[in-house]
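Next up, coords_9.cif (mmCIF, C-alpha atoms (C1' of nucleotides)):
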```cif
data_structure
loop_
_atom_site.label_atom_id
_atom_site.label_comp_id
_atom_site.auth_asym_id
_atom_site.auth_seq_id
_atom_site.Cartn_x
_atom_site.Cartn_y
_atom_site.Cartn_z
CA MET A 12 34.67 -3.53 11.16
CA ASP A 13 33.37 -0.97 13.54
CA MET A 14 29.78 0.01 13.71
CA LYS A 15 29.01 3.34 15.22
CA PHE A 16 25.97 2.56 17.25
CA GLN A 17 26.53 -1.04 17.96
CA THR A 18 27.79 -1.60 21.43
CA VAL A 19 26.50 -5.10 21.74
CA ASP A 20 28.79 -8.00 20.92
CA PRO A 21 27.66 -9.53 17.60
CA GLN A 22 28.37 -12.94 19.03
CA THR A 23 25.93 -12.33 21.85
CA ILE A 24 23.36 -11.04 19.39
CA SER A 25 23.66 -14.10 17.21
CA GLU A 26 23.01 -16.28 20.18
CA LEU A 27 20.04 -14.18 21.18
CA LEU A 28 18.59 -14.58 17.70
CA ARG A 29 19.22 -18.29 17.71
CA THR A 30 17.46 -18.75 21.01
CA HIS A 31 14.46 -17.19 19.33
CA GLN A 32 14.62 -19.47 16.30
CA ILE A 33 15.95 -16.75 14.06
CA THR A 34 18.81 -17.49 11.67
CA PRO A 35 21.33 -14.74 12.37
CA THR A 36 22.14 -13.22 9.02
CA THR A 37 24.41 -10.21 8.63
CA GLN A 38 21.49 -7.83 8.24
CA ARG A 39 19.52 -9.24 11.13
CA VAL A 40 22.49 -9.03 13.47
CA LYS A 41 23.05 -5.41 12.47
CA ILE A 42 19.44 -4.50 13.05
CA ALA A 43 19.28 -6.34 16.35
CA GLY A 44 22.50 -4.59 17.35
CA ILE A 45 20.78 -1.26 16.95
CA LEU A 46 17.62 -2.27 18.70
CA PHE A 47 19.40 -3.72 21.71
CA ALA A 48 22.25 -1.25 21.99
CA GLU A 49 20.20 1.13 24.03
CA ALA A 50 16.85 1.19 25.73
CA ALA A 51 15.08 3.26 23.13
CA HIS A 52 12.04 3.09 20.95
CA PHE A 53 12.54 3.16 17.24
CA TYR A 54 10.33 3.25 14.25
CA ALA A 55 11.32 1.53 11.05
CA GLU A 56 12.64 4.64 9.38
CA GLN A 57 15.02 5.31 12.26
CA VAL A 58 16.34 1.78 12.20
CA TYR A 59 16.82 2.08 8.47
CA ALA A 60 18.71 5.35 8.88
CA ARG A 61 20.94 4.01 11.63
CA VAL A 62 21.79 0.74 10.02
CA ASN A 63 22.93 2.57 6.93
CA GLU A 64 24.92 5.27 8.68
CA GLY A 65 28.26 3.52 8.36
CA ASP A 66 29.30 1.41 5.42
CA ALA A 67 26.38 -0.91 5.95
CA GLU A 68 23.83 -1.38 3.25
CA VAL A 69 20.55 -2.83 4.29
CA SER A 70 17.45 -2.28 2.24
CA LYS A 71 14.24 -0.84 3.55
CA ALA A 72 12.41 -4.04 2.71
CA THR A 73 14.80 -6.00 4.87
CA VAL A 74 14.37 -3.61 7.76
CA TYR A 75 10.62 -4.13 7.62
CA ASN A 76 10.93 -7.88 7.09
CA THR A 77 13.31 -8.17 10.00
CA LEU A 78 11.29 -6.04 12.39
CA GLY A 79 8.23 -8.08 11.49
CA LEU A 80 10.13 -11.28 12.09
CA PHE A 81 11.41 -10.07 15.45
CA VAL A 82 7.88 -9.21 16.48
CA ALA A 83 6.58 -12.61 15.37
CA LYS A 84 9.31 -14.29 17.37
CA GLY A 85 8.67 -12.20 20.44
CA LEU A 86 12.02 -10.46 20.40
CA VAL A 87 10.59 -6.97 20.24
CA ARG A 88 7.13 -5.58 20.64
CA GLN A 89 5.17 -3.03 18.72
CA VAL A 90 3.74 0.07 20.31
CA PHE A 91 0.88 1.94 18.67
CA VAL A 92 0.60 5.53 19.77
CA ASP A 93 0.66 7.43 16.56
CA PRO A 94 -1.36 6.91 13.43
CA GLY A 95 0.75 5.43 10.70
CA ARG A 96 3.91 4.91 12.64
CA VAL A 97 4.72 1.78 14.54
CA PHE A 98 7.27 1.93 17.33
CA TYR A 99 9.44 -1.06 18.07
CA ASP A 100 10.36 -1.65 21.67
CA SER A 101 13.20 -3.99 22.57
CA ASN A 102 12.23 -4.02 26.22
CA THR A 103 10.21 -7.22 26.45
CA LYS A 104 9.64 -7.06 30.16
CA PRO A 105 6.10 -5.98 30.94
CA HIS A 106 5.97 -2.22 31.16
CA HIS A 107 3.96 0.74 30.01
CA HIS A 108 4.58 4.03 28.27
CA PHE A 109 4.49 7.75 28.48
CA TYR A 110 3.94 9.34 25.11
CA ASP A 111 4.80 12.97 24.68
CA THR A 112 2.37 14.06 22.02
CA ALA A 113 4.38 17.17 21.22
CA SER A 114 7.79 15.59 20.72
CA GLY A 115 6.64 12.12 19.76
CA LYS A 116 8.89 10.65 22.40
CA LEU A 117 8.10 7.37 24.14
CA THR A 118 9.31 6.65 27.67
CA ASP A 119 9.04 3.45 29.63
CA ILE A 120 7.07 3.15 32.82
CA ASP A 121 7.89 0.24 35.04
CA THR A 122 4.89 -1.97 35.69
CA LEU A 123 5.51 -1.56 39.38
CA ALA A 124 4.64 2.09 39.08
CA VAL A 125 1.27 1.47 37.52
CA ALA A 126 -1.10 -1.23 38.50
CA VAL A 127 -4.16 -2.34 36.72
CA HIS A 128 -6.40 -4.15 39.14
CA GLU A 129 -9.79 -5.71 38.92
CA MET A 130 -9.28 -6.97 35.41
CA PRO A 131 -12.72 -6.94 33.81
CA PRO A 132 -14.18 -10.07 32.27
CA LEU A 133 -12.89 -10.55 28.76
CA PRO A 134 -15.25 -10.73 25.78
CA ALA A 135 -16.61 -14.23 25.27
CA ASP A 136 -14.23 -16.88 23.98
CA THR A 137 -11.22 -14.66 23.95
CA GLU A 138 -7.96 -14.77 25.78
CA MET A 139 -5.77 -11.90 26.78
CA GLU A 140 -2.68 -11.08 24.77
CA SER A 141 -1.43 -7.97 26.46
CA VAL A 142 -2.32 -4.96 28.53
CA ASP A 143 -0.98 -1.70 27.24
CA VAL A 144 -1.16 1.44 29.30
CA ILE A 145 -0.29 4.64 27.50
CA ILE A 146 -0.20 7.88 29.38
CA ARG A 147 -0.24 10.78 26.99
CA VAL A 148 1.52 13.89 28.18
CA SER A 149 2.32 17.26 26.66
CA PRO A 150 4.60 20.12 27.64
CA ARG A 151 3.14 21.96 30.60
CA GLY A 152 1.33 25.10 29.59
CA ALA A 153 0.79 24.04 26.01
CA LYS A 154 -2.96 23.82 26.06
CA PRO A 155 -3.92 21.20 23.53
CA ARG A 156 -7.43 22.51 23.13
CA PRO A 157 -9.04 25.77 24.20
CA GLU A 158 -12.03 25.58 26.50
CA MET B 9 -29.94 -5.10 22.33
CA ASP B 10 -29.75 -5.06 18.58
CA MET B 11 -30.56 -1.70 17.32
CA LYS B 12 -30.34 -0.87 13.70
CA PHE B 13 -28.51 2.13 12.48
CA GLN B 14 -30.74 4.73 14.02
CA THR B 15 -30.74 8.42 13.53
CA VAL B 16 -30.54 10.99 16.20
CA ASP B 17 -32.75 14.04 16.01
CA PRO B 18 -30.85 16.55 13.85
CA GLN B 19 -32.07 19.31 16.09
CA THR B 20 -30.42 17.73 19.10
CA ILE B 21 -27.24 17.16 17.13
CA SER B 22 -27.10 20.75 15.99
CA GLU B 23 -27.32 21.87 19.57
CA LEU B 24 -24.62 19.47 20.60
CA LEU B 25 -22.34 20.85 17.89
CA ARG B 26 -23.10 24.41 18.87
CA THR B 27 -22.25 23.76 22.49
CA HIS B 28 -18.86 22.68 21.24
CA GLN B 29 -18.34 25.78 19.10
CA ILE B 30 -18.95 23.92 15.88
CA THR B 31 -21.12 25.44 13.18
CA PRO B 32 -23.63 22.73 12.34
CA THR B 33 -23.50 22.32 8.60
CA THR B 34 -25.47 19.67 6.74
CA GLN B 35 -22.46 17.39 6.42
CA ARG B 36 -21.35 17.78 10.00
CA VAL B 37 -24.80 17.01 11.33
CA LYS B 38 -24.95 13.88 9.21
CA ILE B 39 -21.57 12.68 10.38
CA ALA B 40 -22.32 13.44 14.00
CA GLY B 41 -25.63 11.62 13.56
CA ILE B 42 -23.73 8.48 12.64
CA LEU B 43 -21.17 8.80 15.38
CA PHE B 44 -23.70 9.36 18.11
CA ALA B 45 -26.43 7.03 16.93
CA GLU B 46 -24.90 4.07 18.68
CA ALA B 47 -22.07 3.36 21.03
CA ALA B 48 -19.63 2.10 18.46
CA HIS B 49 -16.16 2.81 17.23
CA PHE B 50 -15.68 3.86 13.68
CA TYR B 51 -12.79 4.57 11.46
CA ALA B 52 -12.97 7.18 8.78
CA GLU B 53 -13.69 4.76 5.98
CA GLN B 54 -16.72 3.39 7.81
CA VAL B 55 -18.11 6.82 8.49
CA TYR B 56 -17.61 7.67 4.86
CA ALA B 57 -19.44 4.52 3.78
CA ARG B 58 -22.34 5.08 6.16
CA VAL B 59 -22.85 8.70 5.45
CA ASN B 60 -23.14 7.90 1.77
CA GLU B 61 -25.43 4.90 2.15
CA GLY B 62 -28.61 6.77 1.43
CA ASP B 63 -28.89 9.68 -0.91
CA ALA B 64 -26.34 11.64 1.02
CA GLU B 65 -23.21 12.80 -0.69
CA VAL B 66 -20.36 13.75 1.54
CA SER B 67 -16.81 13.72 0.27
CA LYS B 68 -13.98 11.83 1.87
CA ALA B 69 -12.13 15.06 2.52
CA THR B 70 -15.07 16.38 4.48
CA VAL B 71 -15.28 13.22 6.53
CA TYR B 72 -11.64 13.61 7.50
CA ASN B 73 -11.97 17.32 8.07
CA THR B 74 -15.01 16.83 10.23
CA LEU B 75 -13.58 14.01 12.29
CA GLY B 76 -10.48 16.10 12.86
CA LEU B 77 -12.60 19.04 13.89
CA PHE B 78 -14.64 16.93 16.29
CA VAL B 79 -11.45 15.67 17.89
CA ALA B 80 -10.06 19.17 18.23
CA LYS B 81 -13.28 20.30 19.88
CA GLY B 82 -13.36 17.36 22.24
CA LEU B 83 -16.51 15.85 20.82
CA VAL B 84 -14.95 12.51 19.98
CA ARG B 85 -11.65 10.93 20.81
CA GLN B 86 -9.16 8.99 18.77
CA VAL B 87 -8.07 5.49 19.65
CA PHE B 88 -4.82 4.08 18.30
CA VAL B 89 -4.69 0.34 18.31
CA ASP B 90 -3.84 -0.52 14.78
CA PRO B 91 -1.15 0.87 12.54
CA GLY B 92 -2.57 3.14 9.93
CA ARG B 93 -6.14 3.18 11.10
CA VAL B 94 -7.51 5.64 13.59
CA PHE B 95 -10.67 4.78 15.46
CA TYR B 96 -13.06 7.50 16.50
CA ASP B 97 -14.89 7.02 19.74
CA SER B 98 -17.93 9.09 20.57
CA ASN B 99 -17.93 7.97 24.17
CA THR B 100 -16.18 10.83 25.87
CA LYS B 101 -16.56 9.55 29.38
CA PRO B 102 -13.29 8.12 30.66
CA HIS B 103 -13.08 4.47 29.75
CA HIS B 104 -10.73 1.92 28.29
CA HIS B 105 -10.76 -0.66 25.53
CA PHE B 106 -10.61 -4.26 24.59
CA TYR B 107 -9.16 -4.77 21.17
CA ASP B 108 -9.76 -8.06 19.44
CA THR B 109 -6.69 -8.40 17.26
CA ALA B 110 -8.33 -11.01 15.07
CA SER B 111 -11.55 -9.20 14.24
CA GLY B 112 -10.31 -5.66 14.71
CA LYS B 113 -13.22 -4.97 17.03
CA LEU B 114 -13.01 -2.44 19.82
CA THR B 115 -15.11 -2.76 22.98
CA ASP B 116 -15.45 -0.32 25.83
CA ILE B 117 -14.37 -1.08 29.36
CA ASP B 118 -15.85 1.02 32.06
CA THR B 119 -13.19 2.80 34.09
CA LEU B 120 -14.71 1.33 37.19
CA ALA B 121 -13.67 -2.11 35.99
CA VAL B 122 -10.03 -1.19 35.57
CA ALA B 123 -8.14 1.10 37.80
CA VAL B 124 -4.74 2.53 37.34
CA HIS B 125 -3.36 3.50 40.67
CA GLU B 126 -0.03 4.79 41.84
CA MET B 127 0.34 7.09 38.89
CA PRO B 128 4.07 7.37 38.27
CA PRO B 129 5.75 10.78 38.19
CA LEU B 130 5.35 12.36 34.80
CA PRO B 131 8.36 13.37 32.72
CA ALA B 132 9.66 16.81 33.67
CA ASP B 133 7.56 19.81 32.69
CA THR B 134 4.74 17.81 31.24
CA GLU B 135 1.14 17.47 32.13
CA MET B 136 -1.09 14.52 31.61
CA GLU B 137 -3.52 14.47 28.73
CA SER B 138 -5.02 11.04 29.02
CA VAL B 139 -4.54 7.52 30.23
CA ASP B 140 -5.36 4.85 27.71
CA VAL B 141 -5.58 1.24 28.70
CA ILE B 142 -5.85 -1.23 25.85
CA ILE B 143 -6.30 -4.88 26.56
CA ARG B 144 -5.54 -6.92 23.49
CA VAL B 145 -7.46 -10.14 23.18
CA SER B 146 -7.73 -12.84 20.55
CA PRO B 147 -10.11 -15.75 20.00
CA ARG B 148 -9.38 -18.48 22.49
CA GLY B 149 -7.29 -21.25 21.02
CA ALA B 150 -6.23 -19.18 18.04
CA LYS B 151 -2.60 -19.29 17.15
CA PRO B 152 -1.05 -16.61 19.38
CA ARG B 153 1.23 -15.25 16.69
CA PRO B 154 -0.40 -15.24 13.28
CA GLU B 155 1.97 -14.90 10.36
"C1'" DG C 20 35.81 -29.03 -4.34
"C1'" DT C 21 30.83 -28.29 -7.28
"C1'" DA C 22 25.83 -28.46 -7.58
"C1'" DT C 23 21.71 -27.21 -5.75
"C1'" DA C 24 17.66 -26.01 -3.05
"C1'" DG C 25 15.80 -23.13 -0.01
"C1'" DA C 26 16.21 -19.18 2.69
"C1'" DC C 27 17.25 -14.44 2.49
"C1'" DT C 28 17.72 -9.82 0.50
"C1'" DT C 29 16.77 -6.34 -2.78
"C1'" DG C 30 14.88 -2.17 -5.62
"C1'" DG C 31 11.07 -0.68 -7.11
"C1'" DA C 32 6.19 -0.90 -7.78
"C1'" DA C 33 1.92 -1.13 -5.35
"C1'" DT C 34 -1.26 -0.14 -1.61
"C1'" DA C 35 -3.86 2.14 2.13
"C1'" DG C 36 -4.92 5.69 5.01
"C1'" DT C 37 -4.65 10.33 5.37
"C1'" DT C 38 -3.57 15.20 4.23
"C1'" DC C 39 -3.12 18.88 0.96
"C1'" DT C 40 -4.55 22.05 -2.63
"C1'" DA C 41 -6.91 24.99 -5.35
"C1'" DA C 42 -11.21 25.85 -6.99
"C1'" DG C 43 -16.11 25.99 -6.33
"C1'" DT C 44 -20.36 26.61 -3.24
"C1'" DC C 45 -22.92 28.24 0.45
"C1'" DT C 46 -24.36 31.59 4.00
"C1'" DA C 47 -24.82 35.42 6.91
"C1'" DA C 48 -24.02 40.37 7.14
"C1'" DC C 49 -24.29 44.38 5.19
"C1'" DG D 24 -27.97 41.73 -4.16
"C1'" DT D 25 -22.92 41.76 -2.97
"C1'" DT D 26 -19.48 40.03 -0.72
"C1'" DA D 27 -16.23 37.97 2.59
"C1'" DG D 28 -15.32 34.18 4.83
"C1'" DA D 29 -16.33 29.63 6.04
"C1'" DC D 30 -17.15 25.20 4.16
"C1'" DT D 31 -16.94 21.40 0.80
"C1'" DT D 32 -15.03 19.02 -2.95
"C1'" DA D 33 -12.28 15.99 -6.37
"C1'" DG D 34 -8.30 14.58 -7.08
"C1'" DA D 35 -3.37 14.90 -6.47
"C1'" DA D 36 0.19 14.22 -3.17
"C1'" DC D 37 2.25 12.11 0.65
"C1'" DT D 38 3.85 8.56 4.04
"C1'" DA D 39 4.42 4.29 6.11
"C1'" DT D 40 4.28 -0.15 4.88
"C1'" DT D 41 3.73 -4.35 2.02
"C1'" DC D 42 4.27 -6.86 -2.13
"C1'" DC D 43 6.76 -8.85 -5.92
"C1'" DA D 44 9.85 -10.97 -8.90
"C1'" DA D 45 14.49 -11.46 -9.47
"C1'" DG D 46 19.03 -12.02 -7.67
"C1'" DT D 47 22.30 -13.61 -3.86
"C1'" DC D 48 23.87 -16.30 -0.22
"C1'" DT D 49 24.62 -20.56 2.45
"C1'" DA D 50 24.36 -25.11 4.07
"C1'" DT D 51 24.21 -29.56 2.69
"C1'" DA D 52 24.72 -33.57 -0.81
"C1'" DC D 53 27.52 -35.39 -3.66
#
```
Starting from the coordinates I provided, produce the structure as structure tokens.
Amino acid sequence: MDMKFQTVDPQTISELLRTHQITPTTQRVKIAGILFAEAAHFYAEQVYARVNEGDAEVSKATVYNTLGLFVAKGLVRQVFVDPGRVFYDSNTKPHHHFYDTASGKLTDIDTLAVAVHEMPPLPADTEMESVDVIIRVSPRGAKPRPE
Amino acid sequence: MDMKFQTVDPQTISELLRTHQITPTTQRVKIAGILFAEAAHFYAEQVYARVNEGDAEVSKATVYNTLGLFVAKGLVRQVFVDPGRVFYDSNTKPHHHFYDTASGKLTDIDTLAVAVHEMPPLPADTEMESVDVIIRVSPRGAKPRPE
DNA sequence: GTATAGACTTGGAATAGTTCTAAGTCTAAC
DNA sequence: GTTAGACTTAGAACTATTCCAAGTCTATAC
């Protein structure tokens, strides 16, 4: 069976899932195949569209369940840049993002290129989970707001 | 440090709105009064609840319209930290945020406390709009990945 | 092999936040 | 006092996501 977008060996994917305590079902392997095939950022709807492009048949509920599971297991991470649309990022190495507000496109920024220093004291009795840096950009010349 | 929900002089607010090319209507002044009364972060639902606490009567549509208008005019800024819930921040000075993922509380971080240096090259033909740094925190000892 | 329990998947209904729409109200200018 | 245009409104519509109850699969016990 050939899957259009999947360029990652299903065997490899299954192992990846297993190392994250995820039982590799058919649907999960397909979804992971899409997420890890290329360094891109997807939202649920896109994953749903891609996974059902060929002869595959995966329900929307399963796409959401699976993405949620992957997040819980630390396989992918969520990026919030847009109201009401969660991006899923399969790059788990620490990095940041450009967000083109006009096109809605997310681009990675290597952590080496941006440095946050002098971390401020955290609120009392809390521990840090993550540091997200989002640099919003827009096409040059397109003035977002008149002065 | 505890200050109750205080009101800002409507006269002052009207002037503030006018300097931002916003006609100060009754509803807009009330909403701005809430936003600027204290240094807090609100989402639409909270503004709607507050503005209707007394005898006021402002519709949900107007709350959304007004918040959108304020954003467009640069009076407040949106913060995206949570899927499907936009925070509105009346602090327009450059600053960043702590986000407590357990309580959903946003806290300001002065830019002086965090510095992003070595800005990476922007994607071609784009210009920067903003740099948002969000440091996610959770109560110490809490299960890192809630289900 | 068959039985079975628990995990997984499913379509569709439900929900939440937000936007849209079309009609009504207010206001400033004439 | 009319009127045009800006503003507000209730409720419908919309979108992303979650929930639910029922059905399917799969690994293990026999």
| Neighbour list for DC45 in chain C as a list of chain:residue names, cut-off 10 Å, all atoms listed in the file, skip fewer than 4 positions in-chain |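 With the cut-off at 10 Å, the set is D:DA29, D:DC30, D:DT31.
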| field | chain B contacts on chain C, all atoms listed in the file, 9 Å, as an MDAnalysis selection string | value | chainID C and resid 35:38
May I have the residues of chain B within 12 Å of chain D, counting only C-alpha atoms (C1' of nucleotides), written as a compact mmCIF listing (two decimals) with C-alpha atoms, keeping the file's coordinate frame?
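As a result, iface-v6.txt now contains:
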```txt
# COMPACT_ATOMS: atom_id res chain seq x y z
CA ILE B 30 -18.95 23.92 15.88
CA THR B 31 -21.12 25.44 13.18
CA PRO B 32 -23.63 22.73 12.34
CA THR B 33 -23.50 22.32 8.60
CA THR B 34 -25.47 19.67 6.74
CA GLN B 35 -22.46 17.39 6.42
CA ARG B 36 -21.35 17.78 10.00
CA GLU B 65 -23.21 12.80 -0.69
CA VAL B 66 -20.36 13.75 1.54
CA SER B 67 -16.81 13.72 0.27
CA LYS B 68 -13.98 11.83 1.87
CA ALA B 69 -12.13 15.06 2.52
CA THR B 70 -15.07 16.38 4.48
CA VAL B 71 -15.28 13.22 6.53
CA TYR B 72 -11.64 13.61 7.50
CA ASN B 73 -11.97 17.32 8.07
CA THR B 74 -15.01 16.83 10.23
CA PRO B 91 -1.15 0.87 12.54
CA GLY B 92 -2.57 3.14 9.93
CA ARG B 93 -6.14 3.18 11.10
```
Using only C-alpha atoms, which residues of chain A come within 8 Å of chain B, and what is the closest atom pair for each, with the distance in Å to one decimal? Give it as a Markdown table, sorted by chain and residue number.
```
| residue | atom | partner | partner_atom | distance |
| --- | --- | --- | --- | --- |
| A:Ala83 | CA | B:Arg153 | CA | 6.1 |
| A:Phe91 | CA | B:Val89 | CA | 5.8 |
| A:Val92 | CA | B:Phe88 | CA | 5.8 |
| A:Asp93 | CA | B:Phe88 | CA | 6.7 |
| A:Pro94 | CA | B:Gly92 | CA | 5.3 |
| A:Gly95 | CA | B:Gly92 | CA | 4.1 |
| A:Arg96 | CA | B:Pro91 | CA | 6.5 |
| A:Val97 | CA | B:Pro91 | CA | 6.3 |
| A:Phe109 | CA | B:Leu130 | CA | 7.9 |
| A:Ile120 | CA | B:Pro128 | CA | 7.5 |
| A:Ala124 | CA | B:Pro128 | CA | 5.4 |
| A:Val125 | CA | B:Glu126 | CA | 5.6 |
| A:Ala126 | CA | B:Val124 | CA | 5.4 |
| A:Val127 | CA | B:Val124 | CA | 4.9 |
| A:His128 | CA | B:Ala123 | CA | 5.7 |
| A:Glu129 | CA | B:Val122 | CA | 5.6 |
| A:Met130 | CA | B:Val122 | CA | 5.8 |
| A:Pro131 | CA | B:Ala121 | CA | 5.4 |
| A:Leu133 | CA | B:Val145 | CA | 7.8 |
| A:Asp136 | CA | B:Arg148 | CA | 5.3 |
| A:Thr137 | CA | B:Pro147 | CA | 4.2 |
| A:Glu138 | CA | B:Arg148 | CA | 5.2 |
| A:Met139 | CA | B:Val145 | CA | 4.3 |
| A:Glu140 | CA | B:Val145 | CA | 5.1 |
| A:Ser141 | CA | B:Arg144 | CA | 5.2 |
| A:Val142 | CA | B:Ile143 | CA | 4.4 |
| A:Asp143 | CA | B:Ile142 | CA | 5.1 |
| A:Val144 | CA | B:Val141 | CA | 4.5 |
| A:Ile145 | CA | B:Asp140 | CA | 5.1 |
| A:Ile146 | CA | B:Val139 | CA | 4.4 |
| A:Arg147 | CA | B:Ser138 | CA | 5.2 |
| A:Val148 | CA | B:Met136 | CA | 4.4 |
| A:Ser149 | CA | B:Thr134 | CA | 5.2 |
| A:Pro150 | CA | B:Thr134 | CA | 4.3 |
| A:Arg151 | CA | B:Thr134 | CA | 4.5 |
| A:Arg156 | CA | B:Ala80 | CA | 6.5 |
```
| task | Could you check how far CA of Gln19 in chain B sits from CA of Glu46 in chain B, in Å to one decimal? | result | 17.0 Å
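For chain A placed onto chain B with an all-Cα least-squares superposition, the residual RMSD comes to 3.3 Å.
In this model, the gap between CA of Ser101 in chain A and CA of Phe53 in chain A comes to 8.9 Å.
Take CA of Tyr59 in chain A and CA of Gly112 in chain B: the distance between them is 28.9 Å.
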| said: Which residues are near Thr103 in chain A? Cut-off 8 Å, all atoms listed in the file, ignore same chain within fewer than 6 positions. Put them as a list of chain:residue names. | reply: A:Gly85, A:Leu86, A:Val87, A:Arg88
For the residues in the current selection, export C-alpha atoms as an mmCIF file, in the frame of the given file.
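Below you can see selection-v8.cif, which holds the result:
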```cif
data_model
loop_
_atom_site.group_PDB
_atom_site.id
_atom_site.type_symbol
_atom_site.label_atom_id
_atom_site.label_comp_id
_atom_site.auth_asym_id
_atom_site.auth_seq_id
_atom_site.Cartn_x
_atom_site.Cartn_y
_atom_site.Cartn_z
ATOM 1 C CA GLY A 85 8.670 -12.200 20.440
ATOM 2 C CA LEU A 86 12.020 -10.460 20.400
ATOM 3 C CA VAL A 87 10.590 -6.970 20.240
ATOM 4 C CA ARG A 88 7.130 -5.580 20.640
#
```
Could you complete range 34-40 of chain B so that it carries all heavy atoms, and give it back as a JSON list (two decimals), in the frame of the given file?
```json
[["chain", "number", "residue", "atom", "x", "y", "z"],
["B", 34, "THR", "N", -24.77, 20.90, 7.14],
["B", 34, "THR", "CA", -25.47, 19.67, 6.74],
["B", 34, "THR", "C", -24.57, 18.45, 6.92],
["B", 34, "THR", "O", -24.96, 17.44, 7.51],
["B", 34, "THR", "CB", -25.86, 19.76, 5.25],
["B", 34, "THR", "OG1", -26.43, 21.04, 5.01],
["B", 34, "THR", "CG2", -26.84, 18.68, 4.88],
["B", 35, "GLN", "N", -23.37, 18.54, 6.38],
["B", 35, "GLN", "CA", -22.46, 17.39, 6.42],
["B", 35, "GLN", "C", -22.06, 17.04, 7.84],
["B", 35, "GLN", "O", -22.01, 15.86, 8.22],
["B", 35, "GLN", "CB", -21.19, 17.69, 5.60],
["B", 35, "GLN", "CG", -21.42, 17.81, 4.11],
["B", 35, "GLN", "CD", -21.80, 19.23, 3.67],
["B", 35, "GLN", "OE1", -22.26, 20.04, 4.48],
["B", 35, "GLN", "NE2", -21.61, 19.52, 2.40],
["B", 36, "ARG", "N", -21.78, 18.04, 8.63],
["B", 36, "ARG", "CA", -21.35, 17.78, 10.00],
["B", 36, "ARG", "C", -22.45, 17.14, 10.82],
["B", 36, "ARG", "O", -22.20, 16.25, 11.64],
["B", 36, "ARG", "CB", -20.90, 19.10, 10.65],
["B", 36, "ARG", "CG", -19.59, 19.60, 10.10],
["B", 36, "ARG", "CD", -19.30, 21.01, 10.59],
["B", 36, "ARG", "NE", -18.04, 21.51, 10.01],
["B", 36, "ARG", "CZ", -17.59, 22.74, 10.20],
["B", 36, "ARG", "NH1", -18.29, 23.60, 10.93],
["B", 36, "ARG", "NH2", -16.45, 23.11, 9.66],
["B", 37, "VAL", "N", -23.67, 17.59, 10.60],
["B", 37, "VAL", "CA", -24.80, 17.01, 11.33],
["B", 37, "VAL", "C", -24.97, 15.54, 10.95],
["B", 37, "VAL", "O", -25.20, 14.68, 11.79],
["B", 37, "VAL", "CB", -26.09, 17.81, 11.09],
["B", 37, "VAL", "CG1", -27.31, 17.08, 11.65],
["B", 37, "VAL", "CG2", -25.97, 19.20, 11.72],
["B", 38, "LYS", "N", -24.82, 15.26, 9.65],
["B", 38, "LYS", "CA", -24.95, 13.88, 9.21],
["B", 38, "LYS", "C", -23.89, 12.99, 9.83],
["B", 38, "LYS", "O", -24.17, 11.88, 10.29],
["B", 38, "LYS", "CB", -24.82, 13.80, 7.67],
["B", 38, "LYS", "CG", -26.15, 13.95, 6.98],
["B", 38, "LYS", "CD", -25.97, 13.97, 5.46],
["B", 38, "LYS", "CE", -27.32, 14.24, 4.80],
["B", 38, "LYS", "NZ", -27.17, 14.94, 3.51],
["B", 39, "ILE", "N", -22.67, 13.47, 9.83],
["B", 39, "ILE", "CA", -21.57, 12.68, 10.38],
["B", 39, "ILE", "C", -21.74, 12.49, 11.87],
["B", 39, "ILE", "O", -21.60, 11.38, 12.40],
["B", 39, "ILE", "CB", -20.21, 13.35, 10.04],
["B", 39, "ILE", "CG1", -19.95, 13.23, 8.53],
["B", 39, "ILE", "CG2", -19.09, 12.71, 10.84],
["B", 39, "ILE", "CD1", -18.79, 14.03, 8.03],
["B", 40, "ALA", "N", -22.09, 13.55, 12.56],
["B", 40, "ALA", "CA", -22.32, 13.44, 14.00],
["B", 40, "ALA", "C", -23.47, 12.48, 14.27],
["B", 40, "ALA", "O", -23.44, 11.70, 15.23],
["B", 40, "ALA", "CB", -22.61, 14.81, 14.60]]
```
